2 protein chains.
Amino acid sequence: VLPSPGPRSDDVPEVTLADVRAAADRLRGVALRTPLLPFGDPSRDRGDPSTWLKPESLQPIGAFKIRGAYNALSQLSPEERAAGVVSHSSGNHAQGIARAARLLGIRALIVMPDDAPAIKVAGVRADGAEIEFVSSDNEARVVRAHEIAERDGLALVPSFDDTRIVAGQGTVGLEIVEQLAELEGSAAPARVPGEPARAGHPRALTIVVPIGGGGLSAGICIAAKSIRPDARVVGVEPELAADAAESLRVGRIVRWAPERTAATIADGARTSALGRIPWAHLQRLLDGIVTVSEDDIRMAMLAAATRARIVVEPTGALAIAAWSRHRATLSGGGDVVLVVSGGNVDPAAYRRSLSEAAALSSGGDA
Amino acid sequence: VLPSPGPRSDDVPEVTLADVRAAADRLRGVALRTPLLPFGDPSRDRGDPSTWLKPESLQPIGAFKIRGAYNALSQLSPEERAAGVVSHSSGNHAQGIARAARLLGIRALIVMPDDAPAIKVAGVRADGAEIEFVSSDNEARVVRAHEIAERDGLALVPSFDDTRIVAGQGTVGLEIVEQLAELEGSAAPARVPGEPARAGHPRALTIVVPIGGGGLSAGICIAAKSIRPDARVVGVEPELAADAAESLRVGRIVRWAPERTAATIADGARTSALGRIPWAHLQRLLDGIVTVSEDDIRMAMLAAATRARIVVEPTGALAIAAWSRHRATLSGGGDVVLVVSGGNVDPAAYRRSLSEAAALSSGGDA
């Protein structure tokens, strides 16, 4: 289960806490500082005030991807800005690039899979970016984006295998640690009686985060563990797209065929393989990866709707699903933060998932 | 029964900005400072960055009602706390009282209508409050709560006709004004090109807020207009429960029979009449009330899910519905804040509303 420890490869650039802090400065006024929402099952544990959601679904584009995309685009040279950018994405990164490009006045062209959710395609178009569709294979997207970059002289902005992207996504981890420290420092009059008081040293912290290409999880590891070395960060993947879990197990990046990962409803986690830059950091810093079933994901989407009143896409529900399925493993006795990566799901697919989840939960849809 | 129009009656207590600020202090660490979420239709107006949602659905109990309830209960005397409280509510205030009582260690008994959504009843029970059901008539609830208060020696905490409740709900308005001022002051690098710069004096402000008994709308009027006398505050009601609109038109509190208002899906707005304390303030301060249809409400629930990724209950969707239906009337050229009052809706009813809305919107469910 645990990766072989060891030094990073020398040829992979490192992302540091300073990079994440610089990204946070650039993102002020662009990305929302999403609140920590208490997430408990009151009937089970009287409110469970130590479990939190970090709802990146509330970002302007409905996903954390605006963080990395804006952090990358805002660092382009004037010449690069004038020429425009090309990127590749299964959907949410495309929306992040499209929005960042619009805010910065940059032309953007994005290579997307032809099975991307319509709501994500519409979001990209509404922000004025151009789209080229290819098959549902993230390596085909990367190849095509490189071709276009060379042909048209555009700057290529990858979706996760990029230090600027990892640093931008890391601001999620920075905020989590900061927000929990603010809670520790507050008078906190509303702690439920019987809860341990928040005083002295911080409580244990576990962060649960979905893994696709590894940009978000690597960034969170870097930011959170630099400030709180005691923090645990655990990844989540669908059983049907568990390439990162296998990679961590065998100690090298393992690729799953796109035809295989296409089976999960979590379209944001269909990425065939981790990026080299995320992997170099995850291998050192990640505490483990758990997997969940498709039904776990649907049940988590329903739980998010009824217990936190937020719409989450399948990939966005992964951490909630992990908390339901692997609670004993994940609970570290202190704060548990479940990162909700996004909420862009086609309305019909959303209703279908909620309906299937209601049928699964005995009496849960009274 | 009918207060005369004109200046406030001397026998109705006034709620001031100082009361709201005191409530804000009490609520620190209890209620979430809900973020302002940008809410635009990118395909229509390139992001519409001046329209915001104030998502009270993200509060721990899924509605703004925790604000007034906690503000009221935290001011009880030690003797009153020891005896316990009784209240009456269509659902969300019940949850607010139940949660506040649990946090403060007070026994709570709540009179609820027998047609309250199951999710709201479950929320009250999970927080350990007792429930007594009566018919769907808010006046019957009030009478019964008074009987119980007298019989058992409990402090009665009304759901809206109470200065402490109005002051607590007013913190929503206080936050809106403060948050917009913070945006004005920020570097705001992310304004879309072409947007007027935020500099010098603040932009025009319109707040749109659902009206049931008037506690939230009155509180927002008091807080927002005390700080920003130029602000407009407009109420929204379902056409099927437009007693407050009629009251404002004729200049006195008009009562609609509960059998009549029961027809709207917006269960939080079924209140038969405004409270006297809210009315005294609304009559002076409110700029108008618009009404929306049941289909407008369903479409707004779908828009909230797809464009803001939040689950809103029918009453919570009223301001969004008003913005779609009465945009020309409501737009004041500056910031428009749509207050989303809550998100507690039974899963099956939620799916049905989304499905009906998708059928209504031509091609909107692709």
# chains A, B, ... in the order shown; residues from 1 in each chain; ligands from 1
>>> residues_around(residues="region 50-67 of chain A", least_positions_apart="4", cutoff="6 Å", atoms="only C-alpha atoms", output="VMD selection string")
chain A and resid 32 36 to 39 93 96 168 to 169 335 to 343
>>> write_last_selection(atoms="all heavy atoms", output="compact mmCIF listing (two decimals), in the first residue's frame")
# COMPACT_ATOMS: atom_id res chain seq x y z
N LEU A 32 -12.81 32.05 -5.45
CA LEU A 32 -13.50 32.22 -4.18
C LEU A 32 -12.71 31.49 -3.09
O LEU A 32 -12.17 30.41 -3.32
CB LEU A 32 -14.90 31.59 -4.30
CG LEU A 32 -15.83 31.71 -3.10
CD1 LEU A 32 -16.28 33.15 -2.92
CD2 LEU A 32 -17.05 30.81 -3.31
N LEU A 36 -15.44 26.39 4.71
CA LEU A 36 -15.53 25.02 5.22
C LEU A 36 -16.96 24.83 5.72
O LEU A 36 -17.42 25.56 6.60
CB LEU A 36 -14.55 24.79 6.37
CG LEU A 36 -13.07 24.71 6.03
CD1 LEU A 36 -12.26 24.38 7.29
CD2 LEU A 36 -12.80 23.66 4.95
N LEU A 37 -17.67 23.88 5.15
CA LEU A 37 -19.05 23.61 5.56
C LEU A 37 -19.08 22.42 6.49
O LEU A 37 -18.57 21.35 6.14
CB LEU A 37 -19.93 23.30 4.34
CG LEU A 37 -20.01 24.35 3.23
CD1 LEU A 37 -20.93 23.83 2.12
CD2 LEU A 37 -20.50 25.67 3.77
N PRO A 38 -19.67 22.56 7.68
CA PRO A 38 -19.80 21.40 8.57
C PRO A 38 -20.60 20.31 7.86
O PRO A 38 -21.61 20.61 7.21
CB PRO A 38 -20.59 21.95 9.77
CG PRO A 38 -20.51 23.43 9.67
CD PRO A 38 -20.31 23.76 8.24
N PHE A 39 -20.15 19.09 7.95
CA PHE A 39 -20.83 18.00 7.24
C PHE A 39 -20.94 16.81 8.18
O PHE A 39 -19.99 16.07 8.37
CB PHE A 39 -20.04 17.61 6.00
CG PHE A 39 -20.70 16.55 5.16
CD1 PHE A 39 -21.86 16.84 4.46
CD2 PHE A 39 -20.17 15.27 5.07
CE1 PHE A 39 -22.48 15.87 3.67
CE2 PHE A 39 -20.78 14.29 4.29
CZ PHE A 39 -21.93 14.60 3.58
N HIS A 93 -10.93 21.76 -16.35
CA HIS A 93 -9.74 22.57 -16.64
C HIS A 93 -10.00 23.44 -17.87
O HIS A 93 -9.57 24.60 -17.92
CB HIS A 93 -8.52 21.67 -16.87
CG HIS A 93 -7.29 22.41 -17.29
ND1 HIS A 93 -6.63 23.29 -16.46
CD2 HIS A 93 -6.60 22.41 -18.47
CE1 HIS A 93 -5.58 23.80 -17.11
NE2 HIS A 93 -5.54 23.28 -18.33
N GLY A 96 -11.71 26.35 -16.67
CA GLY A 96 -10.78 27.21 -15.94
C GLY A 96 -9.93 28.04 -16.89
O GLY A 96 -9.75 29.25 -16.70
N GLY A 168 -1.18 26.36 -8.17
CA GLY A 168 -2.51 26.99 -8.09
C GLY A 168 -3.50 26.12 -7.35
O GLY A 168 -4.22 26.58 -6.46
N GLN A 169 -3.53 24.84 -7.70
CA GLN A 169 -4.48 23.93 -7.02
C GLN A 169 -4.10 23.79 -5.54
O GLN A 169 -4.97 23.56 -4.69
CB GLN A 169 -4.50 22.54 -7.67
CG GLN A 169 -4.38 22.45 -9.19
CD GLN A 169 -5.41 23.17 -10.01
OE1 GLN A 169 -5.92 24.21 -9.61
NE2 GLN A 169 -5.70 22.65 -11.19
N ASP A 335 -10.03 16.70 12.87
CA ASP A 335 -10.76 17.26 11.75
C ASP A 335 -10.55 16.42 10.50
O ASP A 335 -9.43 16.00 10.20
CB ASP A 335 -10.29 18.70 11.47
CG ASP A 335 -10.72 19.68 12.55
OD1 ASP A 335 -11.94 19.75 12.80
OD2 ASP A 335 -9.86 20.35 13.13
N VAL A 336 -11.65 16.19 9.79
CA VAL A 336 -11.58 15.52 8.49
C VAL A 336 -12.16 16.49 7.47
O VAL A 336 -13.29 16.96 7.63
CB VAL A 336 -12.39 14.20 8.49
CG1 VAL A 336 -12.39 13.58 7.10
CG2 VAL A 336 -11.82 13.24 9.52
N VAL A 337 -11.40 16.81 6.44
CA VAL A 337 -11.86 17.73 5.40
C VAL A 337 -12.01 16.95 4.10
O VAL A 337 -11.05 16.35 3.61
CB VAL A 337 -10.90 18.91 5.20
CG1 VAL A 337 -11.42 19.83 4.08
CG2 VAL A 337 -10.73 19.70 6.50
N LEU A 338 -13.23 16.94 3.56
CA LEU A 338 -13.52 16.25 2.32
C LEU A 338 -13.56 17.28 1.20
O LEU A 338 -14.40 18.18 1.21
CB LEU A 338 -14.88 15.54 2.44
CG LEU A 338 -15.06 14.68 3.70
CD1 LEU A 338 -16.50 14.14 3.78
CD2 LEU A 338 -14.06 13.53 3.73
N VAL A 339 -12.62 17.18 0.26
CA VAL A 339 -12.54 18.17 -0.81
C VAL A 339 -13.53 17.80 -1.91
O VAL A 339 -13.46 16.72 -2.50
CB VAL A 339 -11.11 18.25 -1.39
CG1 VAL A 339 -11.07 19.26 -2.54
CG2 VAL A 339 -10.12 18.63 -0.30
N VAL A 340 -14.48 18.72 -2.16
CA VAL A 340 -15.47 18.55 -3.22
C VAL A 340 -14.94 19.31 -4.43
O VAL A 340 -14.96 20.54 -4.46
CB VAL A 340 -16.84 19.09 -2.78
CG1 VAL A 340 -17.83 19.07 -3.93
CG2 VAL A 340 -17.36 18.28 -1.60
N SER A 341 -14.46 18.58 -5.44
CA SER A 341 -13.69 19.23 -6.50
C SER A 341 -14.53 20.03 -7.47
O SER A 341 -14.06 21.02 -8.02
CB SER A 341 -12.88 18.17 -7.25
OG SER A 341 -13.73 17.15 -7.74
N GLY A 342 -15.79 19.62 -7.71
CA GLY A 342 -16.60 20.35 -8.68
C GLY A 342 -18.06 19.96 -8.67
O GLY A 342 -18.45 18.98 -8.03
N GLY A 343 -18.86 20.75 -9.39
CA GLY A 343 -20.30 20.53 -9.40
C GLY A 343 -20.93 20.63 -10.79
O GLY A 343 -22.12 20.88 -10.90
>>> select_by_dssp(residues="region 72-261 of chain B", states="strand (DSSP E)", output="MDAnalysis selection string")
chainID B and resid 85:88 108:113 130:134 155:157 205:210 232:238
>>> residues_around(residues="region 208-215 of chain B", least_positions_apart="3", cutoff="6 Å", atoms="only C-alpha atoms", output="PyMOL selection string")
chain B and resi 160+166+218+233-237+269+271+274-275+278+318-319+338-339
>>> residues_around(residues="Ala94 (chain A)", least_positions_apart="4", cutoff="10 Å", atoms="only C-alpha atoms", output="ChimeraX atom specification")
/A:61,65-66,69,86-90,98-100,108-112,120-121,123-125,129,131,159
>>> residues_around(residues="Ala23 (chain B)", least_positions_apart="3", cutoff="8 Å", atoms="only C-alpha atoms", output="list of chain:residue names")
B:Asp19, B:Val20, B:Arg26, B:Leu27, B:Asn71, B:Ala167, B:Gly168, B:Thr171
>>> residues_around(residues="Met301 (chain B)", least_positions_apart="3", cutoff="8 Å", atoms="only C-alpha atoms", output="PyMOL selection string")
chain B and resi 297-298+304-305+311-314+317+353-354
>>> atom_distance(atom1="CA of Trp279 (chain A)", atom2="CA of Cys221 (chain A)")
11.3 Å
